[in-house]
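Structure record follows, encoded as structure tokens.
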Amino acid sequence: MKKWLFSELDKNVIKEFSQKTGLPVFTAMLLHLRGFTEPGEIEKYFDASCTLPDPFLIKDMDKAVKRVNEAISSYEPVCIFGDYDCDGVTATALLFSYLQSVGANVSYYIPDRNAEGYGMNIRAIDQLKEKGVSLIITVDNGISALEEVSYASRLGIDTVVTDHHKPLDLLPNAIAVVDPHRLDDKSEFKYYCGAGIALLLAAALEGNELSVLENYADLAAIGTVADLVPLSGSNRSIVKTGLQLLENSDRTGITELCEMAQIEKMNAGNIGFKLGPRINAAGRLGSPYDALALLLSEDPEEAHELASRLNNLNSRRQAIENDIFEDICEMLRNDPQLTYDRILVVSSEKWNAGVVGIVASKIVEKYGKPCVIICEDDEICKASSRSITGFSIVDAIFACSGLLEKFGGHPMAAGLSIKRERINDFRRAINDYADKLDYMPLPSLKIDCTLKPEGLSVDMVHQLQAFEPFGYGNPKPVFALKGMKLEQIVPLSGGKHIKLIVSRDKARLGLVRFSMTPEEFPYSEGAMLDFAVSLDLNVYQQKENVSFTIKDIRPADFDTEKAMLGIQLYEQYQKGIKRKELANEYPTRDDFAAVYRYIKAAQRERFTAASVLSAIGSEKLGAFKLLMIFDIMNELKLIDYSRDNEEIHVRVRNNSVKVDLNASAIYGGLKEDVQYVRDNT
């Protein structure tokens, strides 16, 4: 369940904007929602020429170019110091390829995720010194390597840092520090990934931005999409050009990897969900050098073998992630008390630290709460966390810093290290922090606008395509279809997915919901529903048709925010926290009767709070009372009941004996607690 956030639209303003720009109303609306109001901005956004800004506008780029050119001229041993994730690997491949093409004496080094961790380290610098390296160029790291850069300098090794992460208060004592996030940097665009900065360095060295873009934008595009930097500004040019190169790639390794990933049409989505994960899998479960060798390979046999290896690692990664995800879901099902926490904290010694960050994102999506997943070890345990919009997980972790060995990150994602014996204390501390908040943000879904189903057309989807590439910072638009009648539920792919045939007035549409079986779908044919969907095109018998992918579903005009707040109140109450909102949450006998009649008559055992509340039609009942009623009826043996997040399982017992509500300890305790809150507020 998500809170739907509808964009504010003024039809008259959109109409005027359309007339002013000469653009179709639908295109004008989407531009307006993205903040484009001036013709020059719009022209730049849709510009197909794809250019880079002057790289020398970035602070220290001139110093970096001077030092690297000296090394090229004297055939000085240069090492590119990369990183093991997709961005770091593509950045390394890009800069290595360029420097090799201009005759540099260049090598590369990527640290091992488990043995060395992220960034420069003393042992690696010693190894490079033994090999005669006198210049290190970092890509996708280095901005925080103050000690390591100084150590390299003492050994007679110069360092040029190129990075895109935010710097510390002090900068490394390097020959050049190329990072747009420097406080003294005056360049206009700041949000490149590591591969993007490497591309700009190559452009500065070459003195021809267009030539470098045309030869290396494919590698930079993969890093840009995979690293989730905004697809706006210069990144948009990089990815648009990169997609054109990738569509007919002359890189043997990328061609093989695309075949392994079964990519037919190249777009940002396929980079993010197919190419990026396979490159990342090497650094997580194997060796990042395999991924780098694949990107650099010109031998079809070698490329095929490496692509197959990455594909197999990715399959293994997916299996490991699925196992961890199911482990966590089972853990939460078996210990409901954990699910009442505002921040889910789970730990196990069985989990792989290299993949739990991805699992954390899936847990947040399923449960709608921030989470911390801890991989237990004998002493120091590593953890990854993810959050929801509006709640800074790194601030919550910082509030518990006294229990931690290390931590860092940003509002939506963070990592930490903790001693094993402190895990339970940390779970309590971080939830104490969250429980003290009067309001916990709700998971949300941004809706661009509501569409009339009878007005949908192929032309609208063609207009949407002009806004590609979609991704972080330029999300694919999501639209609402409201008041649709569910006509039919059709299983797809052997029941793994479903198609919903829905109608309103004369319009009849087929909407696809992936990863949901007909048995899991909580609504019956005939239900009136609202859908949040994205639009695409499919071609059947040489005819284009609009296709719909469901992002979320709710009962027609249902107040999801109210229901979600009711669930939050219920979970806090289960933890013994009596909030003032409890004062109006005592269910009546009529409420019990309405719920019991509905579930007894329903031809199903799977529900959601939203499906039950909308079917009963009781505005005053609410999610808190509903969940308490289920608890009480379960206690009185009227039903068998369990709840797994949104999914509610209820089976009515064949019991015709009347029961006394006052016999319920839960009901009596609730009555006392409600009265206590009323008396004290």
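Identifiers in the structure tokens: chain A, B, ... in order shown; residue index from 1 per chain; ligand index from 1 in order shown.
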
Report as a VMD selection string all protein, DNA and RNA residues lying within 10 Å of A:Glu148, evaluated on only C-alpha atoms, omitting residues in the same chain fewer than 5 positions from it. chain A and resid 119 to 125 142 153 to 154 159 172 to 173

Excluding stretch 408-419 of chain A and any residue of its chain fewer than 5 positions from it, enumerate the residues within 10 Å of it, using only C-alpha atoms, and give them as a PyMOL selection string. chain A and resi 357+360-361+370-398+401+403+426

Residue nearest A:Leu168 - candidates A:Ile254, A:Leu155, A:Leu565, A:Arg182, atoms counted: only C-alpha atoms: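 Residue with the minimum atom-to-atom distance to A:Leu168: A:Arg182.
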
Excluding stretch 557-559 of chain A and residues on its chain fewer than 5 positions from it, collect all residues at most 8 Å away from it, counting only C-alpha atoms, and give them as a list of chain:residue names. A:Lys482, A:Gly483, A:Leu529, A:Asp530, A:Ala610, A:Ser614

As number ranges by chain, please: the residues near stretch 32-47 of chain A (cut-off 10 Å, only C-alpha atoms, same-chain neighbours under 2 positions excluded). A: 7-9, 13-14, 17-18, 20-21, 26-30, 49-51, 232-233, 236-237, 448-449, 466-468, 473-475

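Comparing the minimum interatomic distances between A:Val178 and each of A:Leu57, A:Val458, A:Leu275, A:Leu636, counting only C-alpha atoms, we find that A:Leu57 sits nearest.
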
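The shortest atom-to-atom distance to A:Leu582, with only C-alpha atoms taken into account, belongs to A:Gly622 out of A:Gly622, A:Pro288, A:Pro167, A:Gly276.
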
Picked from stretch 6-194 of chain A by DSSP as strand (DSSP E), as a PyMOL selection string: chain A and resi 6+78-81+106-109+135-139+158-162+176-178

Tell me which of A:Tyr523, A:Ser315, A:Ser74, A:Glu349 sits closest to A:Asp327, counting only C-alpha atoms.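 Among the listed residues, the smallest separation from A:Asp327 belongs to A:Glu349.
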
Using Å and a single decimal, report how far atom CA of A:Val102 sits from atom CA of A:Lys66.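 Answer for the atom CA of A:Lys66 to atom CA of A:Val102 separation: 14.9 Å.
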
Enumerate the residues of stretch 278-409 of chain A with a DSSP assignment of helix (DSSP H, G or I), computed from the backbone, and present them as a ChimeraX atom specification. /A:278-285,288-296,300-334,336-339,356-367,393-398,401-403

Hey, which of A:Ser187, A:Asn280, A:Ser249, A:Asn312 ends up closest to A:Cys86? Count only C-alpha atoms.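 With only C-alpha atoms as the atom set, the closest residue is A:Asn280.
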
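For stretch 593-605 of chain A, the set of protein, DNA and RNA residues having any atom at most 9 Å away, when counting only C-alpha atoms and skipping those fewer than 2 positions along the same chain, is Glu519, Pro522, Ser524, Thr588, Arg589, Asp590, Asp591, Phe607, Val612, Leu613, Ala615, Ile616, Ser618, Leu626, Ile629, Phe630, Met633, Leu638, Ile648, His649, Val650, Arg651 and Val652 of chain A.
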
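Comparing A:Arg278, A:Lys452, A:Arg333, A:Lys3 by their smallest distance to A:Asn314, the closest is A:Arg278 (using only C-alpha atoms).
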